[in-house]
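Colleague: File upload.cif follows (mmCIF, C-alpha atoms):
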data_structure
#
loop_
_atom_site.group_PDB
_atom_site.id
_atom_site.type_symbol
_atom_site.label_atom_id
_atom_site.label_comp_id
_atom_site.auth_asym_id
_atom_site.auth_seq_id
_atom_site.Cartn_x
_atom_site.Cartn_y
_atom_site.Cartn_z
ATOM 1 C CA MET A 1 -127.854 -22.073 140.475
ATOM 2 C CA VAL A 2 -127.513 -21.885 144.276
ATOM 3 C CA ILE A 3 -126.981 -18.885 146.561
ATOM 4 C CA ALA A 4 -126.704 -19.139 150.342
ATOM 5 C CA THR A 5 -127.019 -15.766 152.052
ATOM 6 C CA TYR A 6 -126.976 -14.368 155.564
ATOM 7 C CA ASN A 7 -127.470 -10.629 156.156
ATOM 8 C CA TYR A 8 -126.366 -9.655 152.640
ATOM 9 C CA GLY A 9 -129.457 -7.688 151.681
ATOM 10 C CA HIS A 10 -127.160 -4.907 150.444
ATOM 11 C CA ALA A 11 -125.474 -7.218 147.905
ATOM 12 C CA VAL A 12 -127.582 -10.294 147.149
ATOM 13 C CA GLY A 13 -129.765 -8.398 144.660
ATOM 14 C CA ASN A 14 -126.708 -7.610 142.534
ATOM 15 C CA ALA A 15 -125.731 -11.288 142.576
ATOM 16 C CA ILE A 16 -129.215 -12.373 141.437
ATOM 17 C CA ASP A 17 -129.380 -9.634 138.799
ATOM 18 C CA SER A 18 -126.095 -10.889 137.325
ATOM 19 C CA VAL A 19 -127.619 -14.377 136.989
ATOM 20 C CA LEU A 20 -130.794 -13.045 135.407
ATOM 21 C CA ALA A 21 -128.661 -11.124 132.886
ATOM 22 C CA GLN A 22 -126.906 -14.258 131.570
ATOM 23 C CA THR A 23 -126.917 -14.836 127.819
ATOM 24 C CA ARG A 24 -127.740 -18.468 128.610
ATOM 25 C CA PRO A 25 -130.520 -18.230 131.246
ATOM 26 C CA ALA A 26 -130.201 -20.314 134.392
ATOM 27 C CA ASP A 27 -132.601 -23.262 134.508
ATOM 28 C CA GLU A 28 -133.436 -22.379 138.118
ATOM 29 C CA ILE A 29 -132.231 -20.019 140.832
ATOM 30 C CA VAL A 30 -132.482 -21.341 144.393
ATOM 31 C CA VAL A 31 -131.642 -18.948 147.233
ATOM 32 C CA CYS A 32 -131.428 -20.058 150.873
ATOM 33 C CA ASP A 33 -131.847 -17.198 153.345
ATOM 34 C CA ASP A 34 -129.988 -18.496 156.386
ATOM 35 C CA GLY A 35 -131.953 -16.618 159.045
ATOM 36 C CA SER A 36 -131.038 -13.082 157.946
ATOM 37 C CA THR A 37 -132.094 -10.259 160.262
ATOM 38 C CA ASP A 38 -131.558 -7.421 157.769
ATOM 39 C CA ASP A 39 -133.662 -6.642 154.673
ATOM 40 C CA THR A 40 -132.609 -9.811 152.790
ATOM 41 C CA ALA A 41 -136.137 -11.279 152.833
ATOM 42 C CA ALA A 42 -137.604 -8.087 151.345
ATOM 43 C CA VAL A 43 -134.934 -7.976 148.629
ATOM 44 C CA LEU A 44 -135.591 -11.600 147.678
ATOM 45 C CA ALA A 45 -139.360 -11.058 147.645
ATOM 46 C CA ARG A 46 -138.982 -8.497 144.853
ATOM 47 C CA TYR A 47 -137.973 -11.264 142.433
ATOM 48 C CA GLY A 48 -141.249 -13.157 142.790
ATOM 49 C CA ASP A 49 -141.376 -16.489 140.985
ATOM 50 C CA ARG A 50 -138.153 -15.826 139.071
ATOM 51 C CA ILE A 51 -136.306 -17.408 141.999
ATOM 52 C CA THR A 52 -137.038 -20.126 144.554
ATOM 53 C CA VAL A 53 -136.453 -18.926 148.117
ATOM 54 C CA ILE A 54 -135.896 -21.093 151.184
ATOM 55 C CA HIS A 55 -136.059 -19.433 154.599
ATOM 56 C CA GLN A 56 -134.476 -21.171 157.583
ATOM 57 C CA ALA A 57 -133.181 -20.356 161.046
ATOM 58 C CA ASN A 58 -129.514 -19.386 161.010
ATOM 59 C CA ALA A 59 -127.514 -22.623 160.801
ATOM 60 C CA GLY A 60 -124.460 -21.789 158.698
ATOM 61 C CA VAL A 61 -123.503 -21.800 155.048
ATOM 62 C CA SER A 62 -123.146 -25.584 154.763
ATOM 63 C CA VAL A 63 -126.661 -26.242 156.063
ATOM 64 C CA ALA A 64 -128.016 -23.495 153.800
ATOM 65 C CA ARG A 65 -126.312 -24.932 150.719
ATOM 66 C CA ASN A 66 -127.524 -28.441 151.524
ATOM 67 C CA ALA A 67 -131.071 -27.097 151.880
ATOM 68 C CA ALA A 68 -130.808 -25.472 148.450
ATOM 69 C CA LEU A 69 -129.195 -28.598 147.014
ATOM 70 C CA GLY A 70 -132.240 -30.590 148.110
ATOM 71 C CA ARG A 71 -134.518 -28.342 146.039
ATOM 72 C CA VAL A 72 -132.671 -28.237 142.715
ATOM 73 C CA ARG A 73 -133.776 -30.352 139.755
ATOM 74 C CA SER A 74 -130.740 -29.843 137.522
ATOM 75 C CA ASP A 75 -127.861 -32.299 137.042
ATOM 76 C CA PHE A 76 -125.405 -29.485 137.766
ATOM 77 C CA ILE A 77 -125.532 -26.591 140.190
ATOM 78 C CA ILE A 78 -123.403 -23.449 140.083
ATOM 79 C CA LEU A 79 -122.489 -21.862 143.402
ATOM 80 C CA LEU A 80 -122.585 -18.095 143.816
ATOM 81 C CA ASP A 81 -121.723 -16.170 146.974
ATOM 82 C CA ALA A 82 -124.168 -13.416 147.833
ATOM 83 C CA ASP A 83 -121.512 -10.695 147.493
ATOM 84 C CA ASP A 84 -120.133 -11.815 144.102
ATOM 85 C CA THR A 85 -121.452 -11.285 140.580
ATOM 86 C CA TRP A 86 -121.171 -12.966 137.191
ATOM 87 C CA LEU A 87 -120.354 -11.562 133.780
ATOM 88 C CA PRO A 88 -123.077 -12.313 131.166
ATOM 89 C CA GLU A 89 -121.303 -15.222 129.420
ATOM 90 C CA ARG A 90 -120.491 -17.275 132.518
ATOM 91 C CA ILE A 91 -123.219 -19.936 132.328
ATOM 92 C CA ARG A 92 -122.831 -20.383 128.570
ATOM 93 C CA CYS A 93 -119.046 -20.814 128.844
ATOM 94 C CA LEU A 94 -119.291 -23.257 131.739
ATOM 95 C CA GLU A 95 -121.936 -25.261 129.898
ATOM 96 C CA ASP A 96 -119.853 -25.368 126.713
ATOM 97 C CA HIS A 97 -116.856 -26.594 128.715
ATOM 98 C CA LEU A 98 -118.903 -29.304 130.417
ATOM 99 C CA ILE A 99 -120.277 -30.524 127.068
ATOM 100 C CA ALA A 100 -116.764 -30.641 125.640
ATOM 101 C CA HIS A 101 -115.413 -32.438 128.752
ATOM 102 C CA PRO A 102 -118.055 -34.880 130.016
ATOM 103 C CA GLU A 103 -115.475 -36.498 132.313
ATOM 104 C CA LEU A 104 -115.513 -33.440 134.591
ATOM 105 C CA ASP A 105 -117.696 -33.167 137.697
ATOM 106 C CA ILE A 106 -116.476 -29.687 138.743
ATOM 107 C CA VAL A 107 -115.796 -26.687 136.492
ATOM 108 C CA THR A 108 -114.940 -23.153 137.469
ATOM 109 C CA ALA A 109 -113.738 -20.039 135.655
ATOM 110 C CA ASP A 110 -111.459 -17.145 136.418
ATOM 111 C CA ALA A 111 -112.833 -13.912 137.898
ATOM 112 C CA TRP A 112 -111.764 -10.317 138.374
ATOM 113 C CA LEU A 113 -110.859 -9.376 141.933
ATOM 114 C CA THR A 114 -112.153 -6.230 143.626
ATOM 115 C CA ARG A 115 -111.611 -4.923 147.147
ATOM 116 C CA ASP A 116 -114.531 -3.111 148.731
ATOM 117 C CA GLY A 117 -115.967 -2.761 145.227
ATOM 118 C CA ARG A 118 -112.839 -1.227 143.692
ATOM 119 C CA PRO A 119 -110.985 -3.130 140.922
ATOM 120 C CA THR A 120 -107.538 -4.404 141.860
ATOM 121 C CA GLY A 121 -106.478 -5.227 138.294
ATOM 122 C CA SER A 122 -105.942 -8.871 139.240
ATOM 123 C CA THR A 123 -107.813 -12.106 138.649
ATOM 124 C CA VAL A 124 -108.393 -15.041 140.977
ATOM 125 C CA TYR A 125 -105.835 -17.310 139.319
ATOM 126 C CA MET A 126 -103.259 -14.621 138.457
ATOM 127 C CA GLY A 127 -101.404 -16.965 136.108
ATOM 128 C CA TRP A 128 -101.368 -19.878 138.567
ATOM 129 C CA PRO A 129 -101.710 -23.063 136.472
ATOM 130 C CA PHE A 130 -104.816 -25.073 137.176
ATOM 131 C CA ALA A 131 -104.097 -28.567 138.475
ATOM 132 C CA ASN A 132 -105.409 -30.575 135.529
ATOM 133 C CA GLU A 133 -103.331 -33.655 136.331
ATOM 134 C CA ARG A 134 -102.705 -35.556 139.559
ATOM 135 C CA GLN A 135 -105.561 -33.707 141.184
ATOM 136 C CA GLU A 136 -105.806 -36.346 143.913
ATOM 137 C CA VAL A 137 -102.409 -35.051 145.105
ATOM 138 C CA GLU A 138 -102.672 -31.355 144.246
ATOM 139 C CA ILE A 139 -105.982 -30.833 146.079
ATOM 140 C CA LEU A 140 -104.170 -31.735 149.309
ATOM 141 C CA ARG A 141 -101.408 -29.239 148.550
ATOM 142 C CA GLY A 142 -103.934 -26.401 148.152
ATOM 143 C CA ASP A 143 -107.478 -25.526 147.120
ATOM 144 C CA PHE A 144 -107.126 -24.875 143.396
ATOM 145 C CA ILE A 145 -110.896 -24.629 142.804
ATOM 146 C CA HIS A 146 -111.728 -21.013 143.544
ATOM 147 C CA TYR A 147 -114.854 -18.996 142.970
ATOM 148 C CA SER A 148 -118.332 -20.012 141.911
ATOM 149 C CA ALA A 149 -117.850 -23.523 140.555
ATOM 150 C CA ALA A 150 -120.331 -25.647 138.618
ATOM 151 C CA VAL A 151 -120.735 -29.009 140.363
ATOM 152 C CA ARG A 152 -122.390 -32.237 139.228
ATOM 153 C CA VAL A 153 -125.092 -32.969 141.822
ATOM 154 C CA GLN A 154 -124.882 -36.767 142.106
ATOM 155 C CA PRO A 155 -121.126 -37.049 142.846
ATOM 156 C CA LEU A 156 -121.525 -34.262 145.416
ATOM 157 C CA LEU A 157 -124.401 -36.083 147.093
ATOM 158 C CA ALA A 158 -122.414 -39.335 146.966
ATOM 159 C CA VAL A 159 -119.790 -37.838 149.307
ATOM 160 C CA GLY A 160 -122.447 -36.443 151.643
ATOM 161 C CA GLY A 161 -122.916 -32.937 150.256
ATOM 162 C CA TRP A 162 -121.488 -30.074 152.293
ATOM 163 C CA ASP A 163 -120.247 -30.966 155.781
ATOM 164 C CA VAL A 164 -122.617 -29.138 158.140
ATOM 165 C CA THR A 165 -119.905 -28.866 160.814
ATOM 166 C CA ARG A 166 -117.822 -26.588 158.592
ATOM 167 C CA SER A 167 -118.243 -22.982 157.497
ATOM 168 C CA PHE A 168 -115.063 -21.490 155.972
ATOM 169 C CA GLN A 169 -113.922 -24.890 154.732
ATOM 170 C CA CYS A 170 -117.174 -26.410 153.439
ATOM 171 C CA GLU A 171 -116.216 -25.949 149.769
ATOM 172 C CA TYR A 172 -112.621 -27.110 150.169
ATOM 173 C CA ASP A 173 -113.848 -30.133 152.135
ATOM 174 C CA GLY A 174 -116.311 -30.923 149.336
ATOM 175 C CA TRP A 175 -113.638 -30.649 146.634
ATOM 176 C CA ILE A 176 -111.258 -32.906 148.592
ATOM 177 C CA ASN A 177 -113.933 -35.547 149.107
ATOM 178 C CA MET A 178 -115.111 -35.476 145.498
ATOM 179 C CA ILE A 179 -111.627 -35.593 143.965
ATOM 180 C CA LEU A 180 -110.386 -38.328 146.310
ATOM 181 C CA ALA A 181 -113.537 -40.250 145.336
ATOM 182 C CA GLY A 182 -112.601 -39.965 141.645
ATOM 183 C CA SER A 183 -114.124 -36.698 140.391
ATOM 184 C CA ARG A 184 -112.093 -34.314 138.249
ATOM 185 C CA ALA A 185 -112.199 -30.520 137.938
ATOM 186 C CA GLY A 186 -111.659 -28.150 135.015
ATOM 187 C CA LEU A 187 -111.112 -24.453 134.452
ATOM 188 C CA VAL A 188 -112.413 -22.002 131.856
ATOM 189 C CA ARG A 189 -109.444 -19.663 131.523
ATOM 190 C CA LEU A 190 -111.488 -16.487 131.175
ATOM 191 C CA PRO A 191 -112.503 -13.992 133.881
ATOM 192 C CA LEU A 192 -116.268 -14.497 133.885
ATOM 193 C CA GLY A 193 -117.212 -12.959 137.205
ATOM 194 C CA VAL A 194 -116.303 -10.431 139.879
ATOM 195 C CA HIS A 195 -115.119 -11.684 143.284
ATOM 196 C CA ASP A 196 -115.132 -9.003 145.978
ATOM 197 C CA HIS A 197 -112.974 -8.970 149.093
ATOM 198 C CA HIS A 198 -114.254 -6.589 151.741
ATOM 199 C CA ALA A 199 -114.187 -6.038 155.474
ATOM 200 C CA GLY A 200 -116.344 -8.671 157.122
ATOM 201 C CA SER A 201 -116.337 -11.146 154.223
ATOM 202 C CA LEU A 202 -115.277 -14.719 154.937
ATOM 203 C CA SER A 203 -112.346 -14.476 152.535
ATOM 204 C CA THR A 204 -110.715 -11.675 154.585
ATOM 205 C CA ARG A 205 -110.763 -13.604 157.873
ATOM 206 C CA LEU A 206 -107.484 -15.257 157.094
ATOM 207 C CA GLU A 207 -106.392 -16.642 160.450
ATOM 208 C CA ALA A 208 -109.713 -18.376 161.046
ATOM 209 C CA THR A 209 -109.558 -19.779 157.505
ATOM 210 C CA TRP A 210 -106.009 -21.071 157.965
ATOM 211 C CA MET A 211 -106.873 -22.676 161.293
ATOM 212 C CA GLY A 212 -109.921 -24.313 159.750
ATOM 213 C CA ASP A 213 -107.872 -25.564 156.794
ATOM 214 C CA LEU A 214 -105.337 -27.054 159.198
ATOM 215 C CA GLU A 215 -108.051 -28.949 161.062
ATOM 216 C CA LEU A 216 -109.589 -30.072 157.763
ATOM 217 C CA LEU A 217 -106.294 -31.512 156.532
ATOM 218 C CA ARG A 218 -105.784 -33.421 159.767
ATOM 219 C CA SER A 219 -109.338 -34.745 159.540
ATOM 220 C CA THR A 220 -108.758 -35.769 155.908
ATOM 221 C CA ALA A 221 -105.640 -37.733 156.914
ATOM 222 C CA ARG A 222 -107.757 -39.687 159.396
ATOM 223 C CA ARG A 223 -110.696 -40.303 157.062
ATOM 224 C CA TRP A 224 -109.012 -41.213 153.771
ATOM 225 C CA PRO A 225 -106.463 -43.986 153.011
ATOM 226 C CA LEU A 226 -103.856 -41.647 151.511
ATOM 227 C CA ASN A 227 -100.769 -42.914 149.711
ATOM 228 C CA GLY A 228 -97.262 -41.642 150.394
ATOM 229 C CA GLU A 229 -97.336 -38.878 147.787
ATOM 230 C CA GLN A 230 -100.702 -37.628 149.023
ATOM 231 C CA ARG A 231 -99.506 -37.589 152.634
ATOM 232 C CA SER A 232 -96.411 -35.672 151.584
ATOM 233 C CA ALA A 233 -98.545 -33.033 149.818
ATOM 234 C CA LEU A 234 -100.844 -32.788 152.836
ATOM 235 C CA ARG A 235 -97.893 -32.320 155.219
ATOM 236 C CA GLU A 236 -96.468 -29.637 152.923
ATOM 237 C CA HIS A 237 -99.777 -27.769 153.124
ATOM 238 C CA GLU A 238 -99.885 -28.192 156.915
ATOM 239 C CA ARG A 239 -96.396 -26.701 157.275
ATOM 240 C CA LEU A 240 -97.404 -23.727 155.107
ATOM 241 C CA LEU A 241 -100.469 -23.066 157.273
ATOM 242 C CA VAL A 242 -98.496 -23.333 160.528
ATOM 243 C CA ARG A 243 -95.916 -20.928 159.105
ATOM 244 C CA ARG A 244 -98.602 -18.419 158.128
ATOM 245 C CA LEU A 245 -100.371 -18.668 161.478
ATOM 246 C CA ARG A 246 -97.224 -18.186 163.554
ATOM 247 C CA THR A 247 -96.043 -15.313 161.387
ATOM 248 C CA ALA A 248 -99.459 -13.650 161.636
ATOM 249 C CA LYS A 249 -99.426 -14.097 165.411
ATOM 250 C CA ALA A 250 -95.975 -12.505 165.596
ATOM 251 C CA LYS A 251 -97.050 -9.538 163.458
ATOM 252 C CA GLN A 252 -100.047 -8.975 165.715
ATOM 253 C CA ALA A 253 -97.843 -9.184 168.817
ATOM 254 C CA ILE A 254 -95.511 -6.586 167.293
ATOM 255 C CA ARG A 255 -98.436 -4.281 166.481
ATOM 256 C CA ASP A 256 -99.774 -4.522 170.038
ATOM 257 C CA LEU A 257 -96.396 -4.811 171.800
ATOM 258 C CA ALA A 258 -98.134 -7.665 173.556
ATOM 259 C CA PRO A 259 -96.675 -9.469 176.578
ATOM 260 C CA GLY A 260 -94.433 -12.247 175.336
ATOM 261 C CA VAL A 261 -93.791 -10.520 172.001
ATOM 262 C CA ARG A 262 -90.128 -11.588 172.033
ATOM 263 C CA ARG A 263 -90.967 -15.260 172.487
ATOM 264 C CA THR A 264 -93.771 -15.090 169.900
ATOM 265 C CA CYS A 265 -91.404 -13.617 167.320
ATOM 266 C CA LEU A 266 -88.729 -16.177 168.127
ATOM 267 C CA VAL A 267 -91.207 -19.050 167.706
ATOM 268 C CA GLY A 268 -92.233 -17.597 164.327
ATOM 269 C CA CYS A 269 -88.596 -17.228 163.344
ATOM 270 C CA LEU A 270 -87.862 -20.913 164.028
ATOM 271 C CA VAL A 271 -90.788 -22.369 162.048
ATOM 272 C CA PRO A 272 -89.390 -24.832 159.460
ATOM 273 C CA GLY A 273 -89.480 -23.464 155.918
ATOM 274 C CA GLN A 274 -89.755 -19.824 156.992
ATOM 275 C CA PRO A 275 -88.396 -17.571 154.161
ATOM 276 C CA LEU A 276 -85.017 -16.086 155.012
ATOM 277 C CA LEU A 277 -86.170 -12.441 154.912
ATOM 278 C CA THR A 278 -89.123 -13.137 157.207
ATOM 279 C CA ARG A 279 -86.846 -15.115 159.532
ATOM 280 C CA VAL A 280 -84.413 -12.180 159.757
ATOM 281 C CA LYS A 281 -87.210 -9.679 160.435
ATOM 282 C CA LEU A 282 -88.730 -11.857 163.151
ATOM 283 C CA LEU A 283 -85.350 -12.373 164.791
ATOM 284 C CA ALA A 284 -84.757 -8.607 164.743
ATOM 285 C CA ALA A 285 -88.202 -8.035 166.245
ATOM 286 C CA ALA A 286 -87.467 -10.588 168.979
ATOM 287 C CA LEU A 287 -84.313 -8.665 169.862
ATOM 288 C CA LEU A 288 -85.745 -5.141 169.418
ATOM 289 C CA PRO A 289 -89.571 -5.230 169.582
ATOM 290 C CA GLY A 290 -89.868 -1.449 170.097
ATOM 291 C CA PRO A 291 -88.217 -0.431 166.804
ATOM 292 C CA ALA A 292 -90.070 -3.270 165.041
ATOM 293 C CA HIS A 293 -93.350 -1.869 166.362
ATOM 294 C CA ARG A 294 -92.488 1.572 164.981
ATOM 295 C CA ARG A 295 -91.659 0.090 161.553
ATOM 296 C CA GLN A 296 -94.799 -2.006 161.235
ATOM 297 C CA ASP A 297 -96.227 0.249 158.514
ATOM 298 C CA ALA A 298 -93.534 -1.110 156.181
ATOM 299 C CA TRP A 299 -95.362 -4.467 156.271
ATOM 300 C CA ALA A 300 -98.824 -3.081 155.593
ATOM 301 C CA GLY A 301 -98.844 -4.021 151.915
ATOM 302 C CA ARG A 302 -97.777 -7.615 152.478
ATOM 303 C CA PRO A 303 -100.100 -10.583 152.915
ATOM 304 C CA TYR A 304 -101.022 -11.017 156.561
ATOM 305 C CA GLY A 305 -99.018 -14.231 156.915
ATOM 306 C CA GLU A 306 -95.812 -12.732 155.474
ATOM 307 C CA MET A 307 -93.323 -10.029 156.420
#
Show me this structure written as structure tokens.
Modeller:
Amino acid sequence: MVIATYNYGHAVGNAIDSVLAQTRPADEIVVCDDGSTDDTAAVLARYGDRITVIHQANAGVSVARNAALGRVRSDFIILLDADDTWLPERIRCLEDHLIAHPELDIVTADAWLTRDGRPTGSTVYMGWPFANERQEVEILRGDFIHYSAAVRVQPLLAVGGWDVTRSFQCEYDGWINMILAGSRAGLVRLPLGVHDHHAGSLSTRLEATWMGDLELLRSTARRWPLNGEQRSALREHERLLVRRLRTAKAKQAIRDLAPGVRRTCLVGCLVPGQPLLTRVKLLAAALLPGPAHRRQDAWAGRPYGEM
């Protein structure tokens, strides 16, 4: 089990406690403290020899995970973010699934979603079917491997581990490389953890994530000999990301009544594939940015890249 943490002293103890409370104990718990300046080191010290701790200068989540990966002895690792927790049956259920499906190199499970610690009533997958077939195409259309996956160590090492040049996208990059190299992923269709979204977490920094995903896809197209269907899926994902980014930029321009707001909204309106309702709203905002600014609260409940 691997945790990479940076300045999460307020949460990392809960993550470790949830691992220690598993009905099937973890073979090992390796935590890489990526140069934290808060009380993370003191929190980790309280666990003594129940965990293995690596301290390093701040170098990013990919470097921290690779450092932990170099210390594990198990055939599989399970990733856990420092601000997430597991339900007690997670390891046992993942292990049972791996025994039943030895062809899999990656296995994850569903999880309950919370926001700032408060339940939302939703799960990570929310009924979205897991891509059990044609994964070499579907992984380019979107990252279907969410939340705290178990990963076979050797296939991960064979594709170079986690790319140290990436932060937001290190997991998605790893899944793409493994699946294009022949690995397959599976899902335990039970919520076996709690995944928290909160201010300051990586998962809430959507624009930076989308921009990173866009760069990753373009890099993947250069690095891998993709067939026509794979390139089509990748382009579909690229168009979605461009649409989200331009819509998000337009919404921000409307909020700020920024210079050039009319042009920004018009550019967002003309993005190929833009939903009709969003297109109409952006066109109206381009024509009448003042009234659109006053009505911005009507969009507050929508995802940042939609209107």
Colleague: Name all residues at most 9 Å from A:Asp173 (count all atoms listed in the file; drop same-chain ones fewer than 3 positions away) and give them as an NGL selection string.
Modeller: :A and (162-163 or 166 or 169-170 or 176-178 or 213 or 216-217 or 220)
Colleague: For a test of reading the model, state the distance in Å between atom CA of A:Arg92 and atom CA of A:Thr23, rounded to one decimal.
Modeller: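 About the pair atom CA of A:Arg92 and atom CA of A:Thr23: they are 6.9 Å apart.
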Colleague: Selected by the PyMOL selection byres ((chain A and resi 124) around 8) in the shown coordinates: which residues, as a ChimeraX atom specification?
Modeller: /A:110-113,122-123,125-126,146-147,195
Colleague: Which residues, written as a VMD selection string, have at least one atom at most 6 Å from stretch 233-237 of chain A, with only C-alpha atoms counted and residues fewer than 3 positions away on the same chain left out?
Modeller: chain A and resid 140 to 141 230 240
Colleague: So which residues touch stretch 283-298 of chain A within 12 Å, counting all atoms listed in the file, skipping near sequence neighbours fewer than 2 positions away, as a ChimeraX atom specification?
Modeller: /A:247,250-271,274,276-281,300-304,306-307
Colleague: What do you get, as JSON, numbers by chain, if you spell out every residue that the PyMOL selection byres ((chain A and resi 34) around 12) selects here?
Modeller: {"A": [3, 4, 5, 6, 7, 8, 9, 31, 32, 33, 35, 36, 37, 38, 40, 41, 53, 54, 55, 56, 57, 58, 59, 60, 61, 62, 63, 64, 65, 66, 67, 68, 82]}
Colleague: Please measure the separation of atom CA of A:Ile16 and atom CA of A:Ala45, giving the value in Å to one decimal.
Modeller: 12.0 Å
Colleague: Return the single residue from A:Ala109, A:Ala15, A:Ala149, A:Leu192 that is closest to A:Gly174, with distances computed using all atoms listed in the file.
Modeller: A:Ala149
Colleague: Near A:Thr108, within 9 Å and counting all atoms listed in the file, which residues show up once chain neighbours fewer than 6 positions away are dropped, as a PyMOL selection string?
Modeller: chain A and resi 78+94+145-151+185-189
Colleague: In terms of the shortest atom-to-atom distance over only C-alpha atoms, which of A:Asp83, A:Glu215, A:Asp116, A:Asp75 is closest to A:Arg152?
Modeller: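 Among A:Asp83, A:Glu215, A:Asp116, A:Asp75, it is A:Asp75 that comes nearest to A:Arg152.
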Colleague: In Å, how far is it from atom CA of A:Ser219 to atom CA of A:Arg71?
Modeller: 29.3 Å
Colleague: Using only C-alpha atoms, which protein or nucleic acid residues come within 10 Å of A:Leu20? Drop anything in the same chain fewer than 4 positions from it, and give the result as a list in words.
Modeller: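 Near A:Leu20, the qualifying residues are Asn14, Ala15, Ile16, Arg24, Pro25, Ala26, Ile29, Arg50, Ile51, Trp86 and Pro88 of chain A.
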Colleague: Residues around (-132.8, -23.1, 141.0), cut-off 7 Å, counting all atoms listed in the file - what are they as a tab-separated table (two decimals) with C-alpha atoms, in the coordinates of the input?
Modeller:
chain	number	residue	atom	x	y	z
A	1	MET	CA	-127.85	-22.07	140.48
A	2	VAL	CA	-127.51	-21.88	144.28
A	27	ASP	CA	-132.60	-23.26	134.51
A	28	GLU	CA	-133.44	-22.38	138.12
A	29	ILE	CA	-132.23	-20.02	140.83
A	30	VAL	CA	-132.48	-21.34	144.39
A	51	ILE	CA	-136.31	-17.41	142.00
A	52	THR	CA	-137.04	-20.13	144.55
A	72	VAL	CA	-132.67	-28.24	142.72
Colleague: Would you fill out stretch 87-103 of chain A with N, CA and C atoms and return it as a PDB file, in the coordinates of the input?
Modeller:
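Wrote it out as rebuild-v3.pdb, contents follow:
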ATOM      1  N   LEU A  87    -120.273 -12.223 135.075  1.00  0.00           N
ATOM      2  CA  LEU A  87    -120.354 -11.562 133.780  1.00  0.00           C
ATOM      3  C   LEU A  87    -121.331 -12.351 132.896  1.00  0.00           C
ATOM      4  N   PRO A  88    -121.930 -11.714 131.868  1.00  0.00           N
ATOM      5  CA  PRO A  88    -123.077 -12.313 131.166  1.00  0.00           C
ATOM      6  C   PRO A  88    -122.823 -13.655 130.487  1.00  0.00           C
ATOM      7  N   GLU A  89    -121.582 -13.988 130.158  1.00  0.00           N
ATOM      8  CA  GLU A  89    -121.303 -15.222 129.420  1.00  0.00           C
ATOM      9  C   GLU A  89    -120.946 -16.407 130.317  1.00  0.00           C
ATOM     10  N   ARG A  90    -121.017 -16.236 131.638  1.00  0.00           N
ATOM     11  CA  ARG A  90    -120.491 -17.275 132.518  1.00  0.00           C
ATOM     12  C   ARG A  90    -121.196 -18.622 132.328  1.00  0.00           C
ATOM     13  N   ILE A  91    -122.517 -18.659 132.424  1.00  0.00           N
ATOM     14  CA  ILE A  91    -123.219 -19.936 132.328  1.00  0.00           C
ATOM     15  C   ILE A  91    -122.968 -20.592 130.977  1.00  0.00           C
ATOM     16  N   ARG A  92    -123.036 -19.811 129.900  1.00  0.00           N
ATOM     17  CA  ARG A  92    -122.831 -20.383 128.570  1.00  0.00           C
ATOM     18  C   ARG A  92    -121.433 -20.996 128.454  1.00  0.00           C
ATOM     19  N   CYS A  93    -120.415 -20.301 128.950  1.00  0.00           N
ATOM     20  CA  CYS A  93    -119.046 -20.814 128.844  1.00  0.00           C
ATOM     21  C   CYS A  93    -118.839 -22.059 129.697  1.00  0.00           C
ATOM     22  N   LEU A  94    -119.406 -22.070 130.897  1.00  0.00           N
ATOM     23  CA  LEU A  94    -119.291 -23.257 131.739  1.00  0.00           C
ATOM     24  C   LEU A  94    -120.001 -24.442 131.095  1.00  0.00           C
ATOM     25  N   GLU A  95    -121.186 -24.191 130.545  1.00  0.00           N
ATOM     26  CA  GLU A  95    -121.936 -25.261 129.898  1.00  0.00           C
ATOM     27  C   GLU A  95    -121.175 -25.806 128.700  1.00  0.00           C
ATOM     28  N   ASP A  96    -120.624 -24.923 127.877  1.00  0.00           N
ATOM     29  CA  ASP A  96    -119.853 -25.368 126.713  1.00  0.00           C
ATOM     30  C   ASP A  96    -118.668 -26.234 127.147  1.00  0.00           C
ATOM     31  N   HIS A  97    -118.016 -25.841 128.233  1.00  0.00           N
ATOM     32  CA  HIS A  97    -116.856 -26.594 128.715  1.00  0.00           C
ATOM     33  C   HIS A  97    -117.280 -27.970 129.221  1.00  0.00           C
ATOM     34  N   LEU A  98    -118.411 -28.025 129.902  1.00  0.00           N
ATOM     35  CA  LEU A  98    -118.903 -29.304 130.417  1.00  0.00           C
ATOM     36  C   LEU A  98    -119.310 -30.245 129.285  1.00  0.00           C
ATOM     37  N   ILE A  99    -119.906 -29.705 128.221  1.00  0.00           N
ATOM     38  CA  ILE A  99    -120.277 -30.524 127.068  1.00  0.00           C
ATOM     39  C   ILE A  99    -119.027 -31.072 126.376  1.00  0.00           C
ATOM     40  N   ALA A 100    -118.003 -30.225 126.291  1.00  0.00           N
ATOM     41  CA  ALA A 100    -116.764 -30.641 125.640  1.00  0.00           C
ATOM     42  C   ALA A 100    -115.954 -31.610 126.500  1.00  0.00           C
ATOM     43  N   HIS A 101    -116.189 -31.598 127.825  1.00  0.00           N
ATOM     44  CA  HIS A 101    -115.413 -32.438 128.752  1.00  0.00           C
ATOM     45  C   HIS A 101    -116.365 -33.165 129.695  1.00  0.00           C
ATOM     46  N   PRO A 102    -117.064 -34.184 129.190  1.00  0.00           N
ATOM     47  CA  PRO A 102    -118.055 -34.880 130.016  1.00  0.00           C
ATOM     48  C   PRO A 102    -117.452 -35.636 131.188  1.00  0.00           C
ATOM     49  N   GLU A 103    -116.123 -35.791 131.207  1.00  0.00           N
ATOM     50  CA  GLU A 103    -115.475 -36.498 132.313  1.00  0.00           C
ATOM     51  C   GLU A 103    -115.370 -35.637 133.579  1.00  0.00           C
TER      52      GLU A 103
END
